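**Student:** My structure is in upload-v7.cif, and what it holds is mmCIF, C-alpha atoms:
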data_query
loop_
_atom_site.label_atom_id
_atom_site.label_comp_id
_atom_site.auth_asym_id
_atom_site.auth_seq_id
_atom_site.Cartn_x
_atom_site.Cartn_y
_atom_site.Cartn_z
CA MET A 143 10.68 -41.61 -30.88
CA THR A 144 9.81 -43.30 -34.12
CA ARG A 145 10.24 -42.21 -37.69
CA ARG A 146 7.97 -43.10 -40.54
CA THR A 147 7.67 -42.97 -44.33
CA PRO A 148 4.53 -41.53 -45.96
CA ILE A 149 1.97 -44.08 -47.07
CA ALA A 150 -1.03 -43.35 -49.28
CA ALA A 151 -3.88 -42.85 -46.84
CA CYS A 152 -6.56 -43.85 -49.34
CA VAL A 153 -4.88 -47.17 -50.13
CA THR A 154 -4.46 -47.94 -46.45
CA ALA A 155 -8.04 -46.97 -45.74
CA LEU A 156 -9.25 -49.50 -48.28
CA LEU A 157 -7.55 -52.20 -46.25
CA LEU A 158 -9.04 -51.07 -42.97
CA VAL A 159 -12.57 -49.77 -43.45
CA LEU A 160 -15.64 -51.89 -43.75
CA ALA A 161 -16.59 -53.15 -47.20
CA GLY A 162 -18.33 -50.50 -49.26
CA ALA A 163 -16.76 -47.49 -47.50
CA GLY A 164 -15.18 -44.83 -49.71
CA CYS A 165 -11.45 -44.18 -49.64
CA ASP A 166 -12.08 -40.85 -47.90
CA SER A 167 -13.61 -42.59 -44.88
CA PRO A 168 -11.41 -42.72 -41.77
CA PRO A 169 -9.88 -46.13 -41.07
CA ARG A 170 -11.74 -48.25 -38.54
CA LEU A 171 -9.63 -50.11 -36.04
CA PRO A 172 -10.32 -53.61 -34.79
CA ALA A 173 -11.66 -53.42 -31.25
CA PHE A 174 -9.00 -52.71 -28.65
CA SER A 175 -8.26 -55.80 -26.56
CA ASN A 176 -5.72 -56.01 -23.75
CA PRO A 177 -6.61 -58.79 -21.29
CA VAL A 178 -4.77 -58.73 -17.99
CA VAL A 179 -2.01 -61.33 -17.68
CA PRO A 180 -1.29 -61.61 -13.95
CA GLY A 181 2.39 -61.65 -13.09
CA LEU A 182 3.60 -60.82 -16.61
CA TRP A 183 5.33 -57.52 -15.90
CA THR A 184 7.79 -58.49 -13.21
CA ALA A 185 10.56 -56.07 -12.21
CA GLN A 186 13.02 -58.22 -14.14
CA ARG A 187 10.94 -58.25 -17.34
CA MET A 188 10.40 -54.50 -17.12
CA SER A 189 14.16 -53.93 -16.86
CA GLU A 190 14.69 -56.06 -19.98
CA ALA A 191 12.23 -54.09 -22.16
CA ARG A 192 13.83 -51.99 -24.89
CA ALA A 193 12.82 -48.97 -26.95
CA ALA A 194 11.18 -49.91 -30.25
CA ASP A 195 11.90 -46.53 -31.84
CA THR A 196 13.81 -45.72 -35.03
CA ALA A 197 15.37 -42.30 -35.58
CA VAL A 198 14.52 -40.01 -38.49
CA PRO A 199 17.26 -38.81 -40.85
CA ASN A 200 19.13 -35.63 -40.05
CA GLY A 201 17.76 -32.64 -41.99
CA ILE A 202 14.17 -33.91 -42.09
CA GLY A 203 11.61 -31.23 -42.90
CA GLU A 204 13.98 -28.86 -44.68
CA ASP A 205 12.02 -29.16 -47.95
CA ALA A 206 8.52 -29.67 -46.53
CA GLY A 207 7.11 -26.28 -45.67
CA THR A 208 7.47 -24.22 -42.50
CA THR A 209 10.54 -25.47 -40.68
CA ASP A 210 12.85 -23.46 -38.42
CA PRO A 211 16.61 -24.15 -38.15
CA GLU A 212 17.51 -27.13 -36.01
CA PRO A 213 17.80 -26.16 -32.35
CA ASP A 214 21.00 -26.53 -30.41
CA PRO A 215 21.10 -29.72 -28.31
CA VAL A 216 19.89 -29.30 -24.73
CA PRO A 217 21.46 -31.88 -22.38
CA ALA A 218 18.83 -33.97 -20.61
CA THR A 219 18.71 -33.42 -16.86
CA ALA A 220 18.08 -36.25 -14.40
CA GLU A 221 14.83 -35.73 -12.46
CA LYS A 222 15.17 -35.44 -8.70
CA VAL A 223 14.16 -38.45 -6.65
CA ALA A 224 11.77 -39.52 -5.31
CA TYR A 225 9.84 -39.22 -8.56
CA ARG A 226 6.55 -39.61 -6.71
CA ASP A 227 7.29 -36.31 -4.94
CA ASN A 228 8.57 -34.38 -7.96
CA ALA A 229 6.94 -35.80 -11.11
CA ALA A 230 4.28 -38.27 -10.04
CA VAL A 231 2.22 -37.92 -13.24
CA ILE A 232 5.11 -39.23 -15.39
CA GLY A 233 5.65 -42.95 -15.85
CA LYS A 234 6.77 -45.73 -18.16
CA ILE A 235 4.57 -47.61 -20.58
CA PHE A 236 5.41 -51.26 -21.23
CA PHE A 237 4.03 -53.36 -24.08
CA ASP A 238 4.83 -56.40 -26.18
CA THR A 239 5.65 -56.21 -29.88
CA PRO A 240 6.54 -59.05 -32.27
CA ASP A 241 10.17 -58.26 -31.43
CA GLY A 242 9.71 -58.55 -27.67
CA PRO A 243 8.97 -56.32 -24.66
CA SER A 244 9.23 -52.60 -25.39
CA VAL A 245 8.94 -49.28 -23.59
CA CYS A 246 7.64 -45.73 -23.97
CA SER A 247 6.81 -42.90 -21.58
CA GLY A 248 3.41 -41.49 -20.62
CA THR A 249 1.57 -38.96 -18.47
CA ALA A 250 -1.44 -39.29 -16.19
CA VAL A 251 -3.93 -36.63 -17.33
CA GLU A 252 -7.19 -35.23 -16.01
CA ASP A 253 -10.59 -36.57 -17.04
CA PRO A 254 -13.10 -33.68 -17.03
CA ALA A 255 -15.98 -36.17 -16.78
CA ARG A 256 -14.52 -37.59 -13.54
CA PRO A 257 -12.85 -34.74 -11.63
CA GLY A 258 -10.30 -36.08 -9.17
CA ARG A 259 -10.87 -39.67 -10.35
CA SER A 260 -9.16 -39.86 -13.73
CA GLY A 261 -7.79 -43.10 -15.14
CA LEU A 262 -6.48 -41.53 -18.36
CA VAL A 263 -2.89 -41.66 -19.65
CA TRP A 264 -1.54 -39.62 -22.58
CA THR A 265 1.22 -41.01 -24.81
CA ALA A 266 2.29 -41.34 -28.45
CA GLY A 267 0.21 -43.26 -30.99
CA HIS A 268 3.21 -45.39 -31.92
CA CYS A 269 3.37 -46.63 -28.32
CA MET A 270 -0.11 -48.18 -28.72
CA HIS A 271 -0.43 -49.11 -32.39
CA ALA A 272 2.12 -50.04 -35.06
CA GLY A 273 0.60 -47.79 -37.74
CA ALA A 274 -0.41 -48.32 -41.35
CA GLY A 275 -1.33 -51.87 -42.27
CA ASP A 276 -0.63 -53.14 -38.77
CA GLY A 277 -2.37 -53.42 -35.40
CA TRP A 278 -2.42 -52.85 -31.66
CA PHE A 279 0.46 -53.80 -29.41
CA ARG A 280 -0.28 -56.20 -26.55
CA ASN A 281 0.00 -56.29 -22.78
CA LEU A 282 -0.05 -52.50 -22.44
CA VAL A 283 0.55 -51.20 -18.92
CA PHE A 284 1.43 -47.89 -17.26
CA VAL A 285 3.79 -47.69 -14.28
CA PRO A 286 3.72 -44.21 -12.71
CA SER A 287 6.94 -43.04 -11.02
CA TYR A 288 8.76 -46.14 -12.30
CA ASN A 289 11.98 -46.82 -10.33
CA ASP A 290 10.98 -44.09 -7.90
CA LEU A 291 14.41 -43.69 -6.30
CA GLY A 292 16.41 -43.88 -9.55
CA LEU A 293 18.20 -47.05 -8.47
CA ASP A 294 21.12 -48.35 -10.52
CA ALA A 295 21.24 -51.93 -11.87
CA ALA A 296 22.55 -53.41 -8.62
CA GLY A 297 20.00 -51.52 -6.57
CA ARG A 298 17.13 -52.61 -8.80
CA GLN A 299 18.10 -56.27 -8.49
CA ALA A 300 17.96 -56.00 -4.71
CA ALA A 301 14.75 -53.93 -4.62
CA ASP A 302 11.29 -55.37 -4.23
CA GLU A 303 8.53 -54.57 -6.73
CA ASP A 304 7.11 -51.84 -4.49
CA ARG A 305 10.31 -49.85 -4.97
CA ILE A 306 10.23 -50.28 -8.76
CA ALA A 307 6.48 -49.71 -9.16
CA PRO A 308 5.53 -47.61 -6.09
CA PHE A 309 1.95 -47.05 -7.28
CA GLY A 310 1.55 -50.46 -8.88
CA ILE A 311 1.09 -51.66 -12.45
CA TRP A 312 -1.94 -50.31 -14.32
CA TRP A 313 -3.38 -52.27 -17.26
CA ALA A 314 -5.00 -50.49 -20.19
CA ASP A 315 -8.62 -51.52 -20.69
CA TRP A 316 -9.29 -49.06 -23.51
CA ALA A 317 -7.22 -46.94 -25.89
CA GLU A 318 -7.68 -44.66 -28.90
CA VAL A 319 -5.18 -43.51 -31.52
CA ALA A 320 -5.71 -40.95 -34.28
CA PRO A 321 -7.10 -42.40 -37.53
CA GLU A 322 -4.41 -40.48 -39.41
CA TRP A 323 -1.80 -42.42 -37.45
CA VAL A 324 -3.45 -45.69 -38.47
CA ALA A 325 -3.46 -44.53 -42.09
CA GLU A 326 0.06 -43.09 -42.32
CA GLY A 327 2.14 -44.22 -39.36
CA ALA A 328 5.27 -46.15 -40.33
CA PRO A 329 8.58 -47.13 -38.71
CA SER A 330 10.72 -44.58 -40.59
CA GLY A 331 10.59 -41.20 -42.29
CA GLY A 332 8.24 -39.28 -39.99
CA GLY A 333 4.92 -40.14 -41.68
CA GLY A 334 1.95 -39.67 -39.35
CA SER A 335 3.97 -37.72 -36.78
CA PRO A 336 1.59 -34.71 -36.69
CA PHE A 337 -1.06 -37.17 -35.46
CA ASP A 338 1.18 -39.35 -33.29
CA TYR A 339 -0.82 -39.17 -30.05
CA ALA A 340 -2.96 -41.61 -28.06
CA VAL A 341 -4.99 -41.82 -24.87
CA MET A 342 -5.61 -44.95 -22.83
CA HIS A 343 -7.73 -45.69 -19.80
CA VAL A 344 -6.10 -47.82 -17.10
CA GLN A 345 -7.17 -49.77 -14.05
CA ARG A 346 -5.32 -51.71 -11.37
CA GLN A 347 -6.61 -55.15 -10.46
CA GLY A 348 -8.17 -55.35 -7.04
CA LEU A 349 -7.98 -51.59 -6.47
CA PRO A 350 -11.22 -49.59 -6.62
CA ALA A 351 -9.39 -46.23 -6.52
CA SER A 352 -8.57 -44.50 -9.81
CA LEU A 353 -5.08 -43.70 -11.06
CA GLN A 354 -5.44 -40.05 -10.06
CA GLU A 355 -6.70 -40.92 -6.59
CA THR A 356 -3.77 -43.30 -6.13
CA ILE A 357 -0.93 -41.02 -7.23
CA GLY A 358 -2.62 -37.83 -6.04
CA GLN A 359 -2.23 -35.91 -9.29
CA ALA A 360 -3.23 -35.69 -12.95
CA ALA A 361 -2.07 -33.14 -15.50
CA PRO A 362 -4.49 -30.82 -17.34
CA VAL A 363 -4.37 -30.95 -21.15
CA TRP A 364 -4.19 -27.68 -23.08
CA PHE A 365 -5.75 -28.21 -26.49
CA GLY A 366 -5.20 -25.50 -29.07
CA ALA A 367 -2.10 -24.12 -27.37
CA PRO A 368 -0.39 -21.37 -29.42
CA SER A 369 1.97 -22.18 -32.26
CA ALA A 370 5.70 -22.36 -31.63
CA THR A 371 6.08 -18.69 -32.60
CA ARG A 372 3.67 -17.56 -29.88
CA ILE A 373 4.43 -19.76 -26.89
CA GLY A 374 7.17 -19.70 -24.27
CA ASP A 375 9.54 -22.40 -23.09
CA MET A 376 8.37 -26.01 -23.03
CA ALA A 377 9.60 -28.80 -20.78
CA VAL A 378 9.48 -32.49 -21.69
CA TRP A 379 9.86 -35.53 -19.43
CA GLY A 380 10.52 -39.18 -20.20
CA TYR A 381 12.53 -42.33 -19.62
CA PRO A 382 15.17 -42.47 -22.41
CA ALA A 383 16.28 -46.06 -22.93
CA GLU A 384 18.93 -46.00 -25.66
CA SER A 385 22.64 -45.23 -25.08
CA PRO A 386 23.91 -43.35 -23.17
CA PHE A 387 20.75 -43.87 -21.09
CA ASP A 388 19.40 -47.16 -19.76
CA GLY A 389 15.64 -46.52 -19.49
CA GLU A 390 15.65 -46.83 -15.72
CA ARG A 391 15.76 -43.16 -14.77
CA MET A 392 13.57 -40.15 -15.53
CA PHE A 393 15.01 -37.15 -17.37
CA SER A 394 13.75 -33.81 -18.66
CA CYS A 395 14.70 -31.02 -21.08
CA GLN A 396 13.54 -27.42 -21.32
CA ASP A 397 13.80 -25.17 -24.38
CA ARG A 398 11.90 -22.62 -26.44
CA PRO A 399 10.16 -24.48 -29.28
CA GLY A 400 10.62 -24.04 -33.00
CA ARG A 401 8.60 -25.37 -35.94
CA LEU A 402 9.06 -28.63 -37.86
CA SER A 403 7.01 -29.46 -40.94
CA ILE A 404 7.09 -33.10 -42.13
CA HIS A 405 4.56 -32.61 -44.95
CA SER A 406 3.50 -29.20 -46.19
CA ASP A 407 -0.21 -30.13 -46.17
CA GLN A 408 -0.22 -31.36 -42.54
CA PRO A 409 -0.01 -29.61 -39.16
CA VAL A 410 3.38 -28.29 -38.05
CA LEU A 411 5.06 -29.98 -35.07
CA TYR A 412 6.74 -28.37 -32.08
CA ARG A 413 10.50 -29.00 -31.85
CA ILE A 414 12.99 -28.40 -29.04
CA GLY A 415 16.63 -29.18 -28.42
CA CYS A 416 16.98 -32.30 -26.23
CA THR A 417 19.42 -35.21 -26.01
CA MET A 418 16.92 -37.80 -24.77
CA THR A 419 16.85 -40.99 -26.86
CA GLY A 420 14.35 -43.73 -27.73
CA GLY A 421 12.12 -44.74 -24.84
CA SER A 422 11.28 -41.10 -24.16
CA SER A 423 8.57 -41.38 -26.85
CA GLY A 424 5.14 -40.51 -25.53
CA GLY A 425 6.55 -38.43 -22.69
CA GLY A 426 4.57 -35.29 -21.90
CA TRP A 427 5.45 -31.80 -23.09
CA PHE A 428 4.39 -29.00 -20.75
CA ALA A 429 3.94 -25.24 -21.05
CA ARG A 430 2.38 -22.61 -18.82
CA GLY A 431 -1.25 -22.06 -19.72
CA PRO A 432 -3.24 -18.81 -19.54
CA ASN A 433 -3.73 -19.34 -15.80
CA GLY A 434 0.02 -19.71 -15.21
CA ALA A 435 -0.14 -23.42 -14.38
CA LEU A 436 1.71 -26.12 -16.29
CA ALA A 437 -0.41 -28.09 -18.74
CA LEU A 438 0.33 -30.86 -21.22
CA VAL A 439 0.55 -29.49 -24.78
CA SER A 440 2.22 -32.34 -26.71
CA ASN A 441 4.07 -35.65 -26.47
CA THR A 442 7.39 -36.84 -27.83
CA SER A 443 6.98 -38.35 -31.30
CA ILE A 444 10.24 -38.18 -33.27
CA GLY A 445 13.90 -37.24 -33.09
CA PRO A 446 17.03 -37.64 -35.24
CA ALA A 447 19.65 -40.37 -35.27
CA ASP A 448 22.13 -38.18 -33.41
CA SER A 449 19.62 -37.41 -30.59
CA THR A 450 19.97 -33.62 -30.63
CA TRP A 451 16.27 -32.67 -30.68
CA LEU A 452 12.74 -33.95 -30.12
CA ALA A 453 9.48 -33.08 -31.89
CA GLY A 454 5.85 -33.59 -30.97
CA PRO A 455 2.39 -32.85 -32.42
CA ARG A 456 0.39 -29.74 -31.67
CA LEU A 457 -2.86 -30.87 -30.03
CA GLY A 458 -5.91 -29.40 -31.77
CA LYS A 459 -9.57 -30.30 -32.25
CA PRO A 460 -8.96 -33.91 -33.47
CA ALA A 461 -6.83 -34.61 -30.40
CA ARG A 462 -9.53 -33.17 -28.12
CA GLU A 463 -12.18 -35.35 -29.78
CA LEU A 464 -10.05 -38.46 -29.30
CA TYR A 465 -9.53 -37.56 -25.63
CA GLU A 466 -13.27 -37.08 -25.14
CA ARG A 467 -14.04 -40.44 -26.78
CA VAL A 468 -11.80 -42.24 -24.30
CA SER A 469 -13.37 -40.26 -21.46
CA ASP A 470 -16.84 -41.30 -22.65
CA LYS A 471 -15.79 -44.93 -22.92
CA ALA A 472 -14.25 -44.85 -19.44
CA GLY A 473 -17.72 -44.29 -17.99
CA SER A 474 -18.78 -47.77 -19.11
CA LEU A 475 -15.64 -49.68 -18.14
#
Write the structure described by the file as structure tokens, please.

**Tutor:**
Amino acid sequence: MTRRTPIAACVTALLLVLAGAGCDSPPRLPAFSNPVVPGLWTAQRMSEARAADTAVPNGIGEDAGTTDPEPDPVPATAEKVAYRDNAAVIGKIFFDTPDGPSVCSGTAVEDPARPGRSGLVWTAGHCMHAGAGDGWFRNLVFVPSYNDLGLDAAGRQAADEDRIAPFGIWWADWAEVAPEWVAEGAPSGGGGSPFDYAVMHVQRQGLPASLQETIGQAAPVWFGAPSATRIGDMAVWGYPAESPFDGERMFSCQDRPGRLSIHSDQPVLYRIGCTMTGGSSGGGWFARGPNGALALVSNTSIGPADSTWLAGPRLGKPARELYERVSDKAGSL
């Protein structure tokens, strides 16, 4: 979960778009680059990675439009092991920042262009890109069902890599974040949170099978899900890494969502009670779709300093277009 201050989009755009573009043009990112570094993400280095998130102030959104009262905290529940049998689509995302190795959570999602063979992972924009005036993080990988048996510190030290990364380590070879995140995302205050989503395509060296074929599952994405006033309970999964958690085990929360408005002229976020901390950012939010099956409807973006709730963006047309761009790119990778 990160929190951000608003930054003038037009000013930021002038720094990012090609010369001659107007300030209303969407920012253009430098090309995504994430070369594989064999042997970088060892089990030891993964265990040393820390959440890069910063909490938002308590009371955020009270003066910014449509915001419901803060929900009561919902204690996070440890996911049953083995994760590969109970929540195989959930995993940890590892990446390097200027401050060192960091972590987020992510979800393997379907790719309509490649049924049964998806290599797509959904997460938060701030897990891929640092936001306004900054750039991509490096050495981005996805580890589905990380620490599959929920081993404690002593158990992890004695375990081989196959126990920590049962489906292997998957390197991102392409990623997209929302242009609004690039324009407004910042490390505090909640700016850019309504657009804090990202999709990456991953591959595993030496393995011709896709991510979905390897883990056996991928989650559908429900774009345009109803607003918080017209949808039932949501459940969110992730790997919280800040106290009292250690980032090594998977947890979940379930609650009926409310509304959180960061800026009155931007989309309203979903918000639920949940005690998960930093590191759970990017973790998938699920609700039952029209067909009764669970589908991804959001991802964890922000939460307060006292870790009583989480909020995530509602995924509409811009999110669908981003998802389709990554799908299109995946065909040429």

**Student:** Give one line per residue of range 168-224 of chain A that approaches range 347-351 of chain A to at most 12 Å, naming the two atoms of the closest pair and their distance in Å to one decimal, counting all atoms listed in the file; sort by chain then ascending residue number and deliver it as JSON lines.

**Tutor:**
{"residue": "A:Pro177", "atom": "CA", "partner": "A:Gln347", "partner_atom": "CA", "distance": 11.4}
{"residue": "A:Val178", "atom": "CA", "partner": "A:Gln347", "partner_atom": "CA", "distance": 8.5}
{"residue": "A:Val179", "atom": "CA", "partner": "A:Gln347", "partner_atom": "CA", "distance": 10.6}
{"residue": "A:Pro180", "atom": "CA", "partner": "A:Gln347", "partner_atom": "CA", "distance": 9.1}
{"residue": "A:Gly181", "atom": "CA", "partner": "A:Gln347", "partner_atom": "CA", "distance": 11.4}

**Student:** Can you tell me, as number ranges by chain, what residues are no more than 8 Å from Ala320 in chain A when counting only C-alpha atoms, ignoring any on the same chain fewer than 4 positions away?

**Tutor:** A: 267, 324, 337-340, 460-461, 464

**Student:** Pick out the residues sitting within 7 Å of range 447-458 of chain A, and hand them over as a PyMOL selection string; count only C-alpha atoms, and ignore anything fewer than 5 positions along from it in its own chain.

**Tutor:** chain A and resi 197-200+213+215+335-338+365-366+411-419+439-442

**Student:** I would like the residues chosen by the PyMOL selection byres ((chain A and resi 307) around 8) on the shown file; could you give them as a ChimeraX atom specification?

**Tutor:** /A:285-290,303-306,308-311

**Student:** Per residue of range 426-449 of chain A within 10 Å of range 381-396 of chain A, which atom pair is closest and at what distance in Å (one decimal), using all atoms listed in the file, listed by chain and increasing number, as CSV?

**Tutor:**
residue,atom,partner,partner_atom,distance
A:Gly426,CA,A:Ser394,CA,9.8
A:Trp427,CA,A:Gln396,CA,9.4
A:Phe428,CA,A:Gln396,CA,9.3
A:Ala429,CA,A:Gln396,CA,9.8
A:Ser449,CA,A:Glu384,CA,9.9

**Student:** Quick check on the file I pasted: which residues fall under the PyMOL selection byres ((chain A and resi 188) around 10)? Write them as a list of chain:residue names.

**Tutor:**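 Residues picked by the PyMOL selection byres ((chain A and resi 188) around 10): A:Leu182, A:Trp183, A:Thr184, A:Ala185, A:Gln186, A:Arg187, A:Ser189, A:Glu190, A:Ala191, A:Arg192, A:Lys234, A:Ile235, A:Phe236, A:Phe237, A:Pro243, A:Ser244, A:Val245, A:Val285, A:Tyr288, A:Ile306, A:Gly389, A:Glu390.
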
**Student:** Running the PyMOL selection byres ((chain A and resi 248) around 9) on this model by hand, what would come out? Give it as a ChimeraX atom specification.

**Tutor:** /A:231-235,246-247,249-250,263-266,284-286,379-380,422-426,441

**Student:** Between CA of Glu463 in chain A and CA of Asp195 in chain A, what distance in Å does the model show, to one decimal?

**Tutor:**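 For CA of Glu463 in chain A relative to CA of Asp195 in chain A, the distance reads 26.6 Å.
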
**Student:** A:Pro409, A:Gly258, A:Pro217, A:Gly421: which is nearest Ser369 in chain A, counting only C-alpha atoms?

**Tutor:**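 Of the candidates, the smallest distance to Ser369 in chain A is held by A:Pro409.
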
**Student:** One decimal, Å: what's the distance from CA of Ala360 in chain A over to CA of Asn176 in chain A, could you say?

**Tutor:**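 One can read the CA of Ala360 in chain A to CA of Asn176 in chain A distance as 23.1 Å.
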
**Student:** Around range 311-316 of chain A, fit a box with edges along x, y and z, padding it by 6 Å on each side, then list its centre and edge lengths in Å to one decimal as AutoDock Vina command-line options.

**Tutor:**
--center_x -4.1 --center_y -50.7 --center_z -18.0 --size_x 22.4 --size_y 15.2 --size_z 23.1

**Student:** Just give me the gap between CA of Trp323 in chain A and CA of Pro257 in chain A in Å, one decimal is fine.

**Tutor:**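 Atom-to-atom, CA of Trp323 in chain A and CA of Pro257 in chain A are spaced 29.1 Å apart.
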
**Student:** Could you check which of A:Leu402, A:Leu353, A:Ala194, A:Val468 is closest to Phe279 in chain A, using all atoms listed in the file?

**Tutor:**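 Of the candidates, the smallest distance to Phe279 in chain A is held by A:Ala194.
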
**Student:** Extract, using all atoms listed in the file, all DNA, RNA and protein residues at most 9 Å from Asp253 in chain A, discarding same-chain residues fewer than 2 positions from it, and format them as a PyMOL selection string.

**Tutor:** chain A and resi 251+255-262+360+362+465-466+469

**Student:** Using all atoms listed in the file, which of A:Arg346, A:Asp375, A:Ala229, A:Arg280 sits nearest Asp241 in chain A?

**Tutor:**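 Going through A:Arg346, A:Asp375, A:Ala229, A:Arg280 one by one, the smallest distance to Asp241 in chain A is for A:Arg280.
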
**Student:** With distances taken over only C-alpha atoms, which of A:Asp315, A:Leu436, A:Pro329, A:Leu291 is nearest to Val223 in chain A?

**Tutor:**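 Between A:Asp315, A:Leu436, A:Pro329, A:Leu291, the residue approaching Val223 in chain A most closely is A:Leu291.
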